[in-house]
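Worksheet for the structure shown next.
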2 protein chains.
Amino acid sequence: MGRVFRRAGVGPDDVVHNAYGYGLFTGGLGMHYAALEVGAAVVPMSGGYTQRQGKMLKDLGATVICSTPSYAQHIAEAMGEMGISRDDLHLKVGIFGAESWSLEMCRELETQLGITALDVYGLAEIIGPGVASECLIGHEGLHVAEDLFYFEVIDPDTGRPVPDGESGELVLSSLKREATPIMRYRTGDITRILPGPCSCGRTTRRIDHIKGRVDDMFTLRGINLFPREIESELLRIEELAPVFQLVLDRNSALDILEVHIEPKDHDIVHEHLIHKVKTHLNRTLGINVAVSVQEPHSIPRSEGKAVRLVDRRNLGR
Amino acid sequence: MGRVFRRAGVGPDDVVHNAYGYGLFTGGLGMHYAALEVGAAVVPMSGGYTQRQGKMLKDLGATVICSTPSYAQHIAEAMGEMGISRDDLHLKVGIFGAESWSLEMCRELETQLGITALDVYGLAEIIGPGVASECLIGHEGLHVAEDLFYFEVIDPDTGRPVPDGESGELVLSSLKREATPIMRYRTGDITRILPGPCSCGRTTRRIDHIKGRVDDMFTLRGINLFPREIESELLRIEELAPVFQLVLDRNSALDILEVHIEPKDHDIVHEHLIHKVKTHLNRTLGINVAVSVQEPHSIPRSEGKAVRLVDRRNLGR
């Protein structure tokens, strides 16, 4: 796990603000120990008390922030309300993981917090965080700890490996775990092997950011979709706050997707926004959705993994 | 801190269920590292999800539980509702601190959980937990880490040391802290030095359980009182659930103390209970109080430090 921080350029001069939840969740203590391993100071915030998170980020001059990306967004929003701007902070890098997130969300966090936002990947079944992570220099794809984990990317239907560059399900085997070795564990996470070397000079192979989960994917009138793809598109629309929720429902035989959005300001005309979102998603993803405009700050913010998709199709079955 | 666990007889064969809050509160991570130091396995529960605490205590066969005493009581109560009894557990010792608690509460926890309940003392300003703690064998008074902390017990009014055996305010100086040494820190905690050696054979001096805080003490018509003393008395009354709250208010010039209690069962006659509590407190502590019987489970349970005293006297001043 220390490598995750070394890849992110974190060392003894850094102060790590760790807003992953401490406790049974592997994120909090995993990051905590990793930061100590590279000699950094840790502020063990854990989750919650979001305003206090903003205050501590500012007061203690953290240079690194760790949390889920959606919670970082929530903290940034709270800081905005408190009048704390990125110029009041000393942050340089964010290490975000535990949920899949889009390139647009990455850019948004980088702008809001004045950081380079890096992706870290792991899963409790294997080790917690630390299976793979992005480096500061390449900032494109996650280096896998290949000496610790053997990895394959397979076709989830046939179980056969797919060629480098093609998407499939990530399968992991542990190489050094003794008490609880794990062989060919199907993660359910969809990624691809990135061909070619990384500009950072590290020779470990890289996987792409997780595109979604095998069981996260949903089909809307024949089109396969991931919540992350829709997030990508929604974040391109300036008038929207960077939170949303997808509600999937079934009307007789047809699946209906309702996109819950929030305007950034009270004075944005709802009809205009609905039209814009519907047109945009139809154009970019080829889907027809219903759009529901919510009151600002009404969509639940996340302190951990955001619930992006509410699937009502299976209720009552 | 490892000594706290060694004094409690905890070692590599133990599983420590740590229900102190992880995060900025020093209790969680302090106990966590201490348990690891003696080679024990730790279940990093942190606070909250009380039913899950009970389930994990049972499923993972913890031999040691760490939490505030009031939260341990809350967990025990939740286990009772879930049908988990002390016979389903493998607990042998509890390490409780971060609030002052009475001998009666200690006995209650020992009976409910089938453990020896040990007191641990510390404060965030000095080191967090670990300044002093009880040993399993003597189980009477807390051994101070005298090589790390110089301690005095003084008269809070004159600032002069009181003789061994007499109560006063505990004052601490750190002997080995380098970056942030602390000299003659007035803890506000009231205790006394226990004369004589401990039956465990350790030669470090011991302090008594914290009787209360200098600023916790309140005066009711001339009588100095600590919430802990009232707790002691209330726990002697069989028909009461082991939770209570004191509400201190002022009616013209007179302070009025209202004791909020809960009957153990629905069918206990309130009038009987009120009479019993009033008479008992008058007899044992010489005070006249108002008694308010609350619905079972309505007094807030604590997941951290219990709020025993609500002081309304200063409101609006």
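All residue names refer to the structure tokens as shown: chains lettered A, B, ... in order, residues numbered from 1 in each chain, ligands numbered from 1 in order.
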
In Å, how much C-alpha RMSD is there between chain A and chain B after the fit, with all atoms paired in order?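 For chain B versus chain A, the C-alpha RMSD is 0.1 Å.
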
Contacts of B:Ile237 within 9 Å, only C-alpha atoms, excl. fewer than 3 positions in-chain, as a list in words: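 Once the adjacent positions are removed, what remains is Glu233, Leu234, Leu240, Ala241, Lys276, Val277 and His280 of chain B.
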
Do you have, as a tab-separated table, the list of residues of chain A lying at most 8 Å from chain B, each with its nearest atom pair and that distance in Å to one decimal, counting only C-alpha atoms and ordered by chain then number?
residue	atom	partner	partner_atom	distance
A:Tyr22	CA	B:Tyr22	CA	5.8
A:Gly23	CA	B:Pro44	CA	4.9
A:Leu24	CA	B:Pro44	CA	5.6
A:Val43	CA	B:Leu24	CA	7.4
A:Pro44	CA	B:Gly23	CA	4.9
A:Met45	CA	B:Gly23	CA	5.1
A:Ser46	CA	B:Gly23	CA	5.1

What would the file look like if the residues just selected were written as a compact mmCIF listing (two decimals), in the first residue's frame with N, CA, C and O atoms?
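And here's selection22.txt as it stands now:
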# COMPACT_ATOMS: atom_id res chain seq x y z
N TYR A 22 -12.96 5.13 8.92
CA TYR A 22 -12.20 4.19 9.75
C TYR A 22 -13.17 3.18 10.35
O TYR A 22 -14.33 3.49 10.58
N GLY A 23 -12.65 2.01 10.63
CA GLY A 23 -13.49 0.97 11.20
C GLY A 23 -13.34 -0.28 10.37
O GLY A 23 -12.24 -0.58 9.90
N LEU A 24 -14.42 -1.01 10.17
CA LEU A 24 -14.31 -2.27 9.43
C LEU A 24 -14.02 -2.04 7.95
O LEU A 24 -13.44 -2.89 7.29
N VAL A 43 -3.83 12.90 9.33
CA VAL A 43 -4.94 13.42 10.11
C VAL A 43 -6.07 12.41 9.96
O VAL A 43 -6.69 12.32 8.90
N PRO A 44 -6.33 11.61 11.01
CA PRO A 44 -7.31 10.52 10.87
C PRO A 44 -8.74 11.02 11.01
O PRO A 44 -9.39 10.80 12.02
N MET A 45 -9.21 11.70 9.96
CA MET A 45 -10.54 12.33 10.05
C MET A 45 -11.67 11.31 10.11
O MET A 45 -12.67 11.54 10.75
N SER A 46 -11.54 10.21 9.37
CA SER A 46 -12.66 9.30 9.13
C SER A 46 -13.77 10.08 8.41
O SER A 46 -13.55 11.22 8.00

Nearest-residue call for B:Val307, choices B:Ser133, B:Arg206, B:Ser70, B:Val93, using only C-alpha atoms: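 Answer, going by the shortest atom-to-atom distance: B:Ser70.
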
Between atom CA of B:Ala306 and atom CA of B:Leu172, distance in Å (one decimal):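 Atom-to-atom, atom CA of B:Ala306 and atom CA of B:Leu172 are spaced 24.9 Å apart.
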